[in-house]
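> My structure file coords_0.txt, compact mmCIF, C-alpha atoms and all ligand atoms, is below:
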# COMPACT_ATOMS: atom_id res chain seq x y z
CA MET A 197 4.56 18.09 -0.45
CA ASN A 198 1.78 20.54 0.35
CA GLU A 199 -1.68 19.26 -0.15
CA VAL A 200 -3.79 20.79 -2.86
CA TYR A 201 -6.28 18.19 -4.04
CA PRO A 202 -8.63 18.76 -6.95
CA SER A 203 -11.19 16.38 -5.44
CA LYS A 204 -12.36 15.85 -1.86
CA LEU A 205 -13.16 12.21 -2.67
CA LEU A 206 -9.60 11.71 -3.88
CA GLU A 207 -8.16 13.56 -0.91
CA ARG A 208 -10.12 11.45 1.56
CA THR A 209 -9.11 8.16 -0.07
CA VAL A 210 -5.46 9.17 -0.27
CA GLY A 211 -5.68 10.14 3.39
CA GLU A 212 -7.00 6.71 4.35
CA PHE A 213 -4.34 4.85 2.33
CA SER A 214 -1.58 6.99 3.80
CA LYS A 215 -2.54 5.78 7.29
CA LEU A 216 -1.13 2.39 6.32
CA PRO A 217 2.36 1.65 7.68
CA GLY A 218 5.13 2.57 5.24
CA ILE A 219 2.72 4.31 2.83
CA GLY A 220 3.38 8.05 2.56
CA ARG A 221 0.98 10.49 0.90
CA ARG A 222 2.84 10.38 -2.39
CA THR A 223 2.71 6.57 -2.55
CA ALA A 224 -0.94 6.63 -1.45
CA LEU A 225 -1.77 9.03 -4.28
CA ARG A 226 0.01 6.77 -6.75
CA LEU A 227 -1.89 3.69 -5.53
CA VAL A 228 -5.27 5.42 -5.64
CA LEU A 229 -4.72 6.91 -9.10
CA HIS A 230 -3.58 3.48 -10.28
CA LEU A 231 -6.87 2.01 -9.05
CA LEU A 232 -8.79 4.75 -10.86
CA ARG A 233 -7.09 3.76 -14.12
CA GLN A 234 -8.27 0.14 -13.74
CA LYS A 235 -11.76 -1.20 -14.32
CA PRO A 236 -14.08 -0.14 -11.45
CA GLU A 237 -14.37 -3.83 -10.43
CA THR A 238 -10.70 -3.90 -9.41
CA GLY A 239 -11.02 -1.20 -6.78
CA HIS A 240 -14.43 -2.43 -5.67
CA ALA A 241 -13.00 -5.94 -5.16
CA LEU A 242 -10.33 -4.50 -2.89
CA SER A 243 -12.86 -2.39 -1.02
CA GLU A 244 -15.36 -5.22 -0.57
CA SER A 245 -12.89 -7.93 0.40
CA LEU A 246 -11.43 -5.66 3.07
CA SER A 247 -14.84 -4.77 4.42
CA GLN A 248 -15.96 -8.41 4.52
CA LEU A 249 -12.73 -9.45 6.20
CA ILE A 250 -13.12 -6.83 8.93
CA ASP A 251 -16.73 -7.82 9.58
CA GLY A 252 -16.17 -11.56 9.26
CA VAL A 253 -12.76 -12.10 10.81
CA LYS A 254 -12.57 -14.64 13.62
CA TYR A 255 -9.74 -15.80 15.80
CA CYS A 256 -9.39 -19.47 16.71
CA LYS A 257 -10.66 -20.06 20.25
CA VAL A 258 -7.82 -22.51 20.89
CA CYS A 259 -4.71 -21.00 19.31
CA HIS A 260 -5.85 -17.40 18.53
CA ASN A 261 -4.73 -17.67 14.92
CA ILE A 262 -6.90 -15.88 12.35
CA SER A 263 -9.63 -18.17 11.06
CA ASP A 264 -12.92 -18.25 9.17
CA THR A 265 -14.35 -20.60 11.81
CA ASP A 266 -14.39 -20.78 15.62
CA ILE A 267 -11.68 -23.44 15.63
CA CYS A 268 -9.04 -22.97 12.93
CA ASP A 269 -8.13 -25.48 10.22
CA ILE A 270 -4.88 -26.32 11.98
CA CYS A 271 -6.35 -27.00 15.42
CA SER A 272 -9.19 -29.06 13.94
CA ASN A 273 -6.95 -31.13 11.64
CA PRO A 274 -6.67 -34.69 13.05
CA LEU A 275 -3.47 -35.22 11.04
CA ARG A 276 -1.62 -32.54 13.01
CA ASP A 277 0.40 -33.55 16.06
CA GLN A 278 -1.81 -32.42 18.97
CA SER A 279 0.94 -32.97 21.53
CA THR A 280 3.25 -30.20 20.26
CA VAL A 281 2.47 -26.48 20.45
CA CYS A 282 4.59 -23.80 18.86
CA VAL A 283 4.34 -20.43 20.62
CA VAL A 284 4.57 -17.43 18.29
CA GLU A 285 4.18 -13.70 18.59
CA ASN A 286 1.74 -13.10 15.75
CA ILE A 287 -0.23 -14.47 12.81
CA ARG A 288 2.52 -13.64 10.30
CA ASN A 289 4.79 -15.97 12.24
CA VAL A 290 2.28 -18.83 11.89
CA LEU A 291 2.26 -18.24 8.12
CA SER A 292 6.07 -18.16 7.99
CA ILE A 293 6.35 -21.48 9.82
CA GLU A 294 3.50 -23.09 7.85
CA ASN A 295 5.29 -22.10 4.66
CA THR A 296 8.34 -24.16 5.65
CA SER A 297 6.07 -27.29 5.33
CA ILE A 298 8.15 -28.87 8.09
CA TYR A 299 6.15 -28.32 11.24
CA ARG A 300 3.13 -30.58 11.84
CA GLY A 301 2.09 -29.57 15.37
CA LEU A 302 -0.24 -26.86 16.62
CA TYR A 303 0.32 -23.18 17.45
CA HIS A 304 -0.38 -20.65 20.15
CA VAL A 305 -0.46 -16.99 19.04
CA LEU A 306 0.47 -14.70 21.93
CA GLY A 307 -0.59 -11.50 20.18
CA GLY A 308 2.70 -9.75 20.95
CA ILE A 309 5.70 -10.08 23.23
CA ILE A 310 6.42 -8.61 26.63
CA SER A 311 7.71 -5.09 26.06
CA PRO A 312 7.51 -2.69 29.02
CA ILE A 313 8.61 0.22 26.77
CA ASP A 314 5.50 -0.31 24.62
CA GLY A 315 3.35 -0.89 27.70
CA ILE A 316 2.84 -4.57 26.84
CA GLY A 317 2.84 -6.79 29.90
CA PRO A 318 2.01 -10.50 30.32
CA ASN A 319 -1.66 -9.69 30.91
CA ASN A 320 -1.95 -8.16 27.44
CA LEU A 321 -0.89 -11.45 25.88
CA GLU A 322 -2.48 -14.90 25.49
CA ILE A 323 -0.29 -16.40 28.21
CA ASP A 324 -2.97 -17.54 30.69
CA SER A 325 -4.78 -19.36 27.87
CA LEU A 326 -1.53 -21.15 26.98
CA VAL A 327 -1.03 -22.26 30.59
CA LYS A 328 -4.63 -23.49 30.61
CA ARG A 329 -4.04 -25.53 27.43
CA VAL A 330 -1.05 -27.20 29.10
CA GLU A 331 -2.98 -27.70 32.34
CA GLU A 332 -5.72 -29.53 30.45
CA GLY A 333 -3.18 -32.19 29.47
CA GLY A 334 -2.16 -33.86 26.22
CA ILE A 335 0.62 -31.41 25.39
CA GLN A 336 4.09 -32.89 25.62
CA GLU A 337 6.20 -30.16 24.09
CA ILE A 338 6.09 -26.38 23.83
CA ILE A 339 8.35 -24.89 21.16
CA PHE A 340 9.14 -21.22 21.72
CA ALA A 341 9.45 -19.55 18.31
CA LEU A 342 9.67 -15.91 19.35
CA SER A 343 12.08 -13.52 17.67
CA PRO A 344 15.58 -13.86 19.21
CA THR A 345 15.52 -10.36 20.71
CA MET A 346 15.64 -9.23 24.32
CA GLU A 347 11.85 -8.96 24.43
CA GLY A 348 11.54 -12.46 22.97
CA ASP A 349 13.92 -13.87 25.58
CA THR A 350 12.05 -12.08 28.38
CA THR A 351 8.77 -13.56 27.16
CA ASN A 352 10.28 -17.07 26.85
CA PHE A 353 11.57 -16.77 30.40
CA PHE A 354 8.28 -15.51 31.83
CA ILE A 355 6.23 -18.26 30.18
CA SER A 356 8.72 -21.02 30.98
CA ARG A 357 8.44 -20.13 34.68
CA LYS A 358 4.64 -20.36 34.45
CA LEU A 359 4.96 -23.78 32.81
CA ALA A 360 7.61 -25.11 35.20
CA PRO A 361 5.05 -26.98 37.38
CA PHE A 362 3.94 -29.09 34.42
CA ASN A 363 5.57 -32.13 32.90
CA VAL A 364 6.14 -30.60 29.49
CA ARG A 365 9.27 -30.35 27.38
CA LEU A 366 10.21 -26.72 26.65
CA THR A 367 12.29 -26.10 23.53
CA THR A 368 13.27 -23.08 21.50
CA LEU A 369 14.29 -22.66 17.88
CA ALA A 370 17.88 -23.52 16.98
CA ARG A 371 19.74 -20.26 16.65
CA GLY A 372 20.51 -20.63 13.00
CA ILE A 373 18.51 -17.45 12.88
CA SER A 374 20.88 -14.66 13.77
CA VAL A 375 20.41 -12.82 17.05
CA GLY A 376 18.32 -9.67 16.69
CA ASP A 377 16.62 -10.82 13.48
CA GLU A 378 12.89 -10.57 13.10
CA LEU A 379 11.43 -14.02 12.64
CA GLU A 380 9.26 -13.06 9.73
CA TYR A 381 12.24 -11.97 7.62
CA THR A 382 14.10 -15.24 8.16
CA ASP A 383 14.19 -17.32 4.98
CA GLU A 384 12.17 -20.53 4.94
CA ILE A 385 15.12 -22.91 4.75
CA THR A 386 16.84 -21.40 7.77
CA LEU A 387 13.57 -21.32 9.65
CA GLY A 388 12.75 -24.93 8.72
CA ARG A 389 16.18 -26.12 9.90
CA SER A 390 15.81 -24.18 13.12
CA ILE A 391 12.63 -26.08 13.87
CA ILE A 392 14.25 -29.47 13.20
CA ASN A 393 17.29 -28.55 15.30
CA ARG A 394 15.34 -27.02 18.14
CA VAL A 395 17.06 -27.19 21.50
CA GLU A 396 15.98 -27.49 25.14
CA LEU A 397 15.14 -24.12 26.61
CA LYS A 398 17.74 -23.19 29.26
CA GLN A 399 16.09 -21.97 32.44
CA MET B 178 6.78 -17.54 -0.03
CA ASN B 179 4.29 -20.32 -0.65
CA GLU B 180 0.75 -19.48 0.17
CA VAL B 181 -0.87 -21.23 3.07
CA TYR B 182 -3.56 -18.94 4.46
CA PRO B 183 -5.56 -19.80 7.57
CA SER B 184 -8.52 -17.77 6.28
CA LYS B 185 -10.05 -17.42 2.82
CA LEU B 186 -11.25 -13.92 3.69
CA LEU B 187 -7.69 -12.97 4.59
CA GLU B 188 -6.28 -14.63 1.49
CA ARG B 189 -8.69 -12.80 -0.79
CA THR B 190 -7.98 -9.40 0.75
CA VAL B 191 -4.22 -9.95 0.63
CA GLY B 192 -4.63 -10.96 -3.02
CA GLU B 193 -6.45 -7.72 -3.84
CA PHE B 194 -3.88 -5.55 -2.04
CA SER B 195 -1.01 -7.33 -3.77
CA LYS B 196 -2.41 -6.26 -7.16
CA LEU B 197 -1.37 -2.70 -6.29
CA PRO B 198 1.87 -1.55 -7.94
CA GLY B 199 4.93 -2.09 -5.76
CA ILE B 200 2.98 -4.10 -3.16
CA GLY B 201 4.12 -7.74 -2.96
CA ARG B 202 2.18 -10.45 -1.12
CA ARG B 203 4.31 -10.07 2.01
CA THR B 204 3.71 -6.33 2.19
CA ALA B 205 0.02 -6.84 1.40
CA LEU B 206 -0.26 -9.30 4.30
CA ARG B 207 1.43 -6.80 6.61
CA LEU B 208 -0.94 -4.01 5.57
CA VAL B 209 -4.06 -6.15 5.96
CA LEU B 210 -3.03 -7.54 9.37
CA HIS B 211 -2.22 -3.98 10.44
CA LEU B 212 -5.77 -2.95 9.51
CA LEU B 213 -7.16 -5.91 11.49
CA ARG B 214 -5.31 -4.68 14.57
CA GLN B 215 -6.95 -1.24 14.31
CA LYS B 216 -10.53 -0.34 15.21
CA PRO B 217 -12.93 -1.69 12.54
CA GLU B 218 -13.76 1.91 11.57
CA THR B 219 -10.24 2.45 10.23
CA GLY B 220 -10.45 -0.30 7.62
CA HIS B 221 -14.07 0.48 6.82
CA ALA B 222 -13.14 4.14 6.22
CA LEU B 223 -10.51 3.03 3.71
CA SER B 224 -12.91 0.62 2.06
CA GLU B 225 -15.77 3.11 1.84
CA SER B 226 -13.74 6.09 0.70
CA LEU B 227 -12.25 4.01 -2.12
CA SER B 228 -15.63 2.69 -3.17
CA GLN B 229 -17.19 6.16 -3.14
CA LEU B 230 -14.27 7.59 -5.08
CA ILE B 231 -14.57 4.94 -7.80
CA ASP B 232 -18.32 5.47 -8.12
CA GLY B 233 -18.20 9.25 -7.82
CA VAL B 234 -15.04 10.22 -9.64
CA LYS B 235 -15.41 12.78 -12.43
CA TYR B 236 -12.95 14.30 -14.82
CA CYS B 237 -13.18 17.99 -15.72
CA LYS B 238 -14.80 18.42 -19.12
CA VAL B 239 -12.39 21.21 -19.95
CA CYS B 240 -8.98 20.13 -18.67
CA HIS B 241 -9.56 16.40 -17.86
CA ASN B 242 -8.18 16.80 -14.35
CA ILE B 243 -9.86 14.73 -11.63
CA SER B 244 -12.75 16.66 -10.08
CA ASP B 245 -15.85 16.30 -7.89
CA THR B 246 -17.78 18.45 -10.38
CA ASP B 247 -18.18 18.63 -14.16
CA ILE B 248 -15.84 21.60 -14.37
CA CYS B 249 -12.94 21.49 -11.92
CA ASP B 250 -12.12 24.09 -9.26
CA ILE B 251 -9.17 25.34 -11.28
CA CYS B 252 -11.02 25.84 -14.56
CA SER B 253 -13.97 27.50 -12.81
CA ASN B 254 -11.83 29.82 -10.67
CA PRO B 255 -12.13 33.41 -12.05
CA LEU B 256 -8.88 34.35 -10.31
CA ARG B 257 -6.87 31.94 -12.48
CA ASP B 258 -5.29 33.23 -15.69
CA GLN B 259 -7.57 31.82 -18.39
CA SER B 260 -5.16 32.75 -21.19
CA THR B 261 -2.40 30.31 -20.16
CA VAL B 262 -2.71 26.52 -20.33
CA CYS B 263 -0.11 24.13 -18.99
CA VAL B 264 -0.09 20.76 -20.78
CA VAL B 265 0.75 17.80 -18.52
CA GLU B 266 0.83 14.05 -18.85
CA ASN B 267 -1.26 13.13 -15.82
CA ILE B 268 -3.12 14.21 -12.71
CA ARG B 269 -0.08 13.74 -10.46
CA ASN B 270 1.70 16.37 -12.55
CA VAL B 271 -1.14 18.84 -11.93
CA LEU B 272 -0.74 18.24 -8.19
CA SER B 273 3.05 18.67 -8.38
CA ILE B 274 2.73 22.01 -10.18
CA GLU B 275 -0.12 23.22 -7.94
CA ASN B 276 2.06 22.45 -4.95
CA THR B 277 4.70 24.92 -6.16
CA SER B 278 2.08 27.71 -5.60
CA ILE B 279 3.70 29.56 -8.51
CA TYR B 280 1.50 28.77 -11.47
CA ARG B 281 -1.83 30.63 -11.77
CA GLY B 282 -3.02 29.50 -15.21
CA LEU B 283 -5.08 26.50 -16.30
CA TYR B 284 -4.14 22.93 -17.24
CA HIS B 285 -4.73 20.34 -19.90
CA VAL B 286 -4.22 16.71 -18.84
CA LEU B 287 -3.26 14.57 -21.85
CA GLY B 288 -3.75 11.26 -20.04
CA GLY B 289 -0.33 9.97 -21.13
CA ILE B 290 2.37 10.70 -23.67
CA ILE B 291 2.98 9.35 -27.15
CA SER B 292 4.74 6.01 -26.73
CA PRO B 293 4.61 3.62 -29.70
CA ILE B 294 6.26 0.89 -27.60
CA ASP B 295 3.32 1.00 -25.17
CA GLY B 296 0.85 1.31 -28.04
CA ILE B 297 -0.06 4.88 -27.07
CA GLY B 298 -0.62 7.10 -30.09
CA PRO B 299 -1.96 10.67 -30.39
CA ASN B 300 -5.52 9.38 -30.66
CA ASN B 301 -5.31 7.81 -27.21
CA LEU B 302 -4.54 11.20 -25.68
CA GLU B 303 -6.54 14.40 -25.12
CA ILE B 304 -4.81 16.20 -27.99
CA ASP B 305 -7.83 17.00 -30.19
CA SER B 306 -9.60 18.54 -27.21
CA LEU B 307 -6.54 20.74 -26.60
CA VAL B 308 -6.51 21.92 -30.20
CA LYS B 309 -10.22 22.65 -29.87
CA ARG B 310 -9.62 24.76 -26.74
CA VAL B 311 -7.04 26.80 -28.62
CA GLU B 312 -9.30 27.07 -31.68
CA GLU B 313 -12.08 28.52 -29.52
CA GLY B 314 -9.83 31.47 -28.72
CA GLY B 315 -8.74 33.26 -25.56
CA ILE B 316 -5.61 31.18 -25.00
CA GLN B 317 -2.41 33.12 -25.52
CA GLU B 318 0.17 30.67 -24.23
CA ILE B 319 0.57 26.92 -24.03
CA ILE B 320 3.24 25.71 -21.59
CA PHE B 321 4.45 22.18 -22.28
CA ALA B 322 5.29 20.55 -18.94
CA LEU B 323 5.89 16.98 -20.05
CA SER B 324 8.74 14.93 -18.63
CA PRO B 325 11.99 15.73 -20.46
CA THR B 326 12.26 12.28 -22.01
CA MET B 327 12.21 11.17 -25.64
CA GLU B 328 8.48 10.40 -25.41
CA GLY B 329 7.87 13.83 -23.87
CA ASP B 330 9.81 15.54 -26.66
CA THR B 331 7.92 13.55 -29.32
CA THR B 332 4.61 14.58 -27.78
CA ASN B 333 5.67 18.25 -27.55
CA PHE B 334 6.67 18.15 -31.22
CA PHE B 335 3.45 16.48 -32.37
CA ILE B 336 1.21 18.93 -30.49
CA SER B 337 3.23 21.99 -31.47
CA ARG B 338 2.74 21.10 -35.15
CA LYS B 339 -1.01 20.83 -34.56
CA LEU B 340 -1.01 24.24 -32.90
CA ALA B 341 1.24 25.92 -35.49
CA PRO B 342 -1.71 27.46 -37.42
CA PHE B 343 -2.84 29.38 -34.34
CA ASN B 344 -1.46 32.60 -32.93
CA VAL B 345 -0.43 31.17 -29.58
CA ARG B 346 2.88 31.30 -27.76
CA LEU B 347 4.34 27.83 -27.19
CA THR B 348 6.75 27.46 -24.27
CA THR B 349 8.29 24.59 -22.40
CA LEU B 350 9.67 24.28 -18.88
CA ALA B 351 13.18 25.61 -18.29
CA ARG B 352 15.47 22.61 -18.17
CA GLY B 353 16.49 23.07 -14.61
CA ILE B 354 14.97 19.63 -14.36
CA SER B 355 17.60 17.19 -15.53
CA VAL B 356 17.08 15.28 -18.75
CA GLY B 357 15.49 11.88 -18.22
CA ASP B 358 13.93 12.80 -14.88
CA GLU B 359 10.31 12.04 -14.17
CA LEU B 360 8.45 15.28 -13.55
CA GLU B 361 6.66 14.01 -10.48
CA TYR B 362 9.92 13.34 -8.64
CA THR B 363 11.29 16.82 -9.28
CA ASP B 364 11.42 18.88 -6.09
CA GLU B 365 9.00 21.79 -5.82
CA ILE B 366 11.63 24.55 -5.84
CA THR B 367 13.24 23.28 -9.05
CA LEU B 368 9.86 22.79 -10.62
CA GLY B 369 8.68 26.25 -9.56
CA ARG B 370 11.80 27.90 -11.01
CA SER B 371 11.39 25.95 -14.24
CA ILE B 372 7.94 27.43 -14.65
CA ILE B 373 9.16 31.00 -14.07
CA ASN B 374 12.09 30.50 -16.47
CA ARG B 375 10.12 28.74 -19.14
CA VAL B 376 11.49 29.18 -22.65
CA GLU B 377 10.06 29.35 -26.16
CA LEU B 378 9.55 25.91 -27.65
CA LYS B 379 11.99 25.39 -30.54
CA GLN B 380 10.22 23.98 -33.59
ZN ZN A 401 -6.39 -22.84 16.12
ZN ZN A 402 -10.56 21.70 -15.31
Once you've parsed the file, please lay out its structure as structure tokens.

Amino acid sequence: MNEVYPSKLLERTVGEFSKLPGIGRRTALRLVLHLLRQKPETGHALSESLSQLIDGVKYCKVCHNISDTDICDICSNPLRDQSTVCVVENIRNVLSIENTSIYRGLYHVLGGIISPIDGIGPNNLEIDSLVKRVEEGGIQEIIFALSPTMEGDTTNFFISRKLAPFNVRLTTLARGISVGDELEYTDEITLGRSIINRVELKQ
Amino acid sequence: MNEVYPSKLLERTVGEFSKLPGIGRRTALRLVLHLLRQKPETGHALSESLSQLIDGVKYCKVCHNISDTDICDICSNPLRDQSTVCVVENIRNVLSIENTSIYRGLYHVLGGIISPIDGIGPNNLEIDSLVKRVEEGGIQEIIFALSPTMEGDTTNFFISRKLAPFNVRLTTLARGISVGDELEYTDEITLGRSIINRVELKQ
């Protein structure tokens, strides 16, 4: 589709929406014109909530999950099992596991996985801070919940070597989740079972 | 997916995005977290452009197309053929036809088509203003470019009866576009040819 827009304001907004992943210009146009057909409050609510989120977003100083406070609701919840930490790639994975309602421990969000092709090495991830958490004591088990891909396995291996000096149990999700699957697309039942049936990490 | 969000700000923004058509909560979460991984300017640009569009949007007083000014660039362009008016359902249809680069006349955006099931009658559409444009003189041809559906045909028929008293040629797009297709999904070549090969509207 060529681009002949009758309004610069429209063109600019469509341009911004079409920067979103999976949103082409045609879809962006449809979304923006939909918003223009609603009450002005609808679009303003979207605009303002996004702006406030960007300005106000915090990441938990302990687990690096998204949070409205310096320490997230999970880390600061005395009812959660402080001795178990589940290592995940990203925030979506925390949400996926929380939604199973099965896991009661804490998390550690790496912010990615080791992927030399994408230029992501161990130093780009929250690995040192995980080692430090273990070093400080009190953690008895680390559950690796990375996607069962080559990059996930590489990251598991790298971290498990770093944690080898410590007296901590290292487990990984039961492979009910099929190899090569993205964790976030795994259904909640399968994911919940995989947590219950977690196995010792082979090193 | 249940909804356990680690941040109210995040939850609210995801909620607003998921009100968009075709965007579920999972997709909304993905879009919002994507924006959080970009520079703050990226999300703010989206937020601000949307807000400015909603506050600043105008619709052309002549053709009802979206516009930054009271009279749109098409209506106010002396190089366009002022004697031909193409009647379309919505703004996306104007963009589709403009993108063929074939049509050089003006438009009239109805703002919908007659659809009793959806409670849309002639009075909800810009039909009177079209009749008034014709009444004022200078228009020699009206091209009906509504989607070739039952509602489109009903709308064509209703308007053509209103325009019967006037000495104006009534045409409709050549049916190279297959019956039942939405106009906006028709490829540009087919659409362009349908304009060139337009036929007299049978009454
Ligand atoms: Zn935390
Ligand atoms: Zn106009």
> Tell me, as a short mmCIF file (atom, residue, chain, number, x, y, z; two decimals) with C-alpha atoms, in the frame of the given file, which residues lie within 12 Å of Asp250 (chain B), counting only C-alpha atoms; anything in the same chain fewer than 3 positions away does not count.

data_model
loop_
_atom_site.label_atom_id
_atom_site.label_comp_id
_atom_site.auth_asym_id
_atom_site.auth_seq_id
_atom_site.Cartn_x
_atom_site.Cartn_y
_atom_site.Cartn_z
CA VAL A 200 -3.79 20.79 -2.86
CA TYR A 201 -6.28 18.19 -4.04
CA PRO A 202 -8.63 18.76 -6.95
CA SER A 203 -11.19 16.38 -5.44
CA LYS A 204 -12.36 15.85 -1.86
CA TYR B 236 -12.95 14.30 -14.82
CA CYS B 237 -13.18 17.99 -15.72
CA LYS B 238 -14.80 18.42 -19.12
CA VAL B 239 -12.39 21.21 -19.95
CA CYS B 240 -8.98 20.13 -18.67
CA HIS B 241 -9.56 16.40 -17.86
CA ASN B 242 -8.18 16.80 -14.35
CA ILE B 243 -9.86 14.73 -11.63
CA SER B 244 -12.75 16.66 -10.08
CA ASP B 245 -15.85 16.30 -7.89
CA THR B 246 -17.78 18.45 -10.38
CA ASP B 247 -18.18 18.63 -14.16
CA SER B 253 -13.97 27.50 -12.81
CA ASN B 254 -11.83 29.82 -10.67
CA PRO B 255 -12.13 33.41 -12.05
CA LEU B 256 -8.88 34.35 -10.31
CA ARG B 257 -6.87 31.94 -12.48
CA LEU B 283 -5.08 26.50 -16.30
CA TYR B 284 -4.14 22.93 -17.24
#
> As a compact mmCIF listing (two decimals) with C-alpha atoms, keeping the file's coordinate frame, please: the residues near region 315-330 of chain A (cut-off 9 Å, only C-alpha atoms, same-chain neighbours under 6 positions excluded).

# COMPACT_ATOMS: atom_id res chain seq x y z
CA VAL A 258 -7.82 -22.51 20.89
CA CYS A 259 -4.71 -21.00 19.31
CA HIS A 260 -5.85 -17.40 18.53
CA VAL A 283 4.34 -20.43 20.62
CA HIS A 304 -0.38 -20.65 20.15
CA VAL A 305 -0.46 -16.99 19.04
CA LEU A 306 0.47 -14.70 21.93
CA GLY A 307 -0.59 -11.50 20.18
CA GLY A 308 2.70 -9.75 20.95
CA ILE A 309 5.70 -10.08 23.23
CA GLN A 336 4.09 -32.89 25.62
CA ILE A 338 6.09 -26.38 23.83
CA THR A 351 8.77 -13.56 27.16
CA PHE A 354 8.28 -15.51 31.83
CA ILE A 355 6.23 -18.26 30.18
CA LYS A 358 4.64 -20.36 34.45
CA LEU A 359 4.96 -23.78 32.81
CA PHE A 362 3.94 -29.09 34.42
CA VAL A 364 6.14 -30.60 29.49
> What does the structure give for the distance between CA of Arg394 (chain A) and CA of Ile339 (chain A), in Å to one decimal?
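One can read the CA of Arg394 (chain A) to CA of Ile339 (chain A) distance as 7.9 Å.
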> Show me, as a PyMOL selection string, every residue of chain A with an atom at most 6 Å from chain B, counting all atoms listed in the file.
chain A and resi 198+202-203+205+209+212+240+242-243+245-247+249+263-264+295
> Would you work out the distance separating CA of Leu368 (chain B) from CA of Asn344 (chain B), expressed in Å to one decimal?
26.9 Å
> To one decimal place, how far is CA of Ser337 (chain B) from CA of Val265 (chain B) in Å?
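Going from CA of Ser337 (chain B) over to CA of Val265 (chain B), I get 13.8 Å.
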> Looking at all atoms listed in the file, which of A:Ile335, A:Ile267, A:Ile313, A:Ala360 is the one that sits closest to ligand ZN 401 (chain A)?
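Answer, going by the shortest atom-to-atom distance: A:Ile267.
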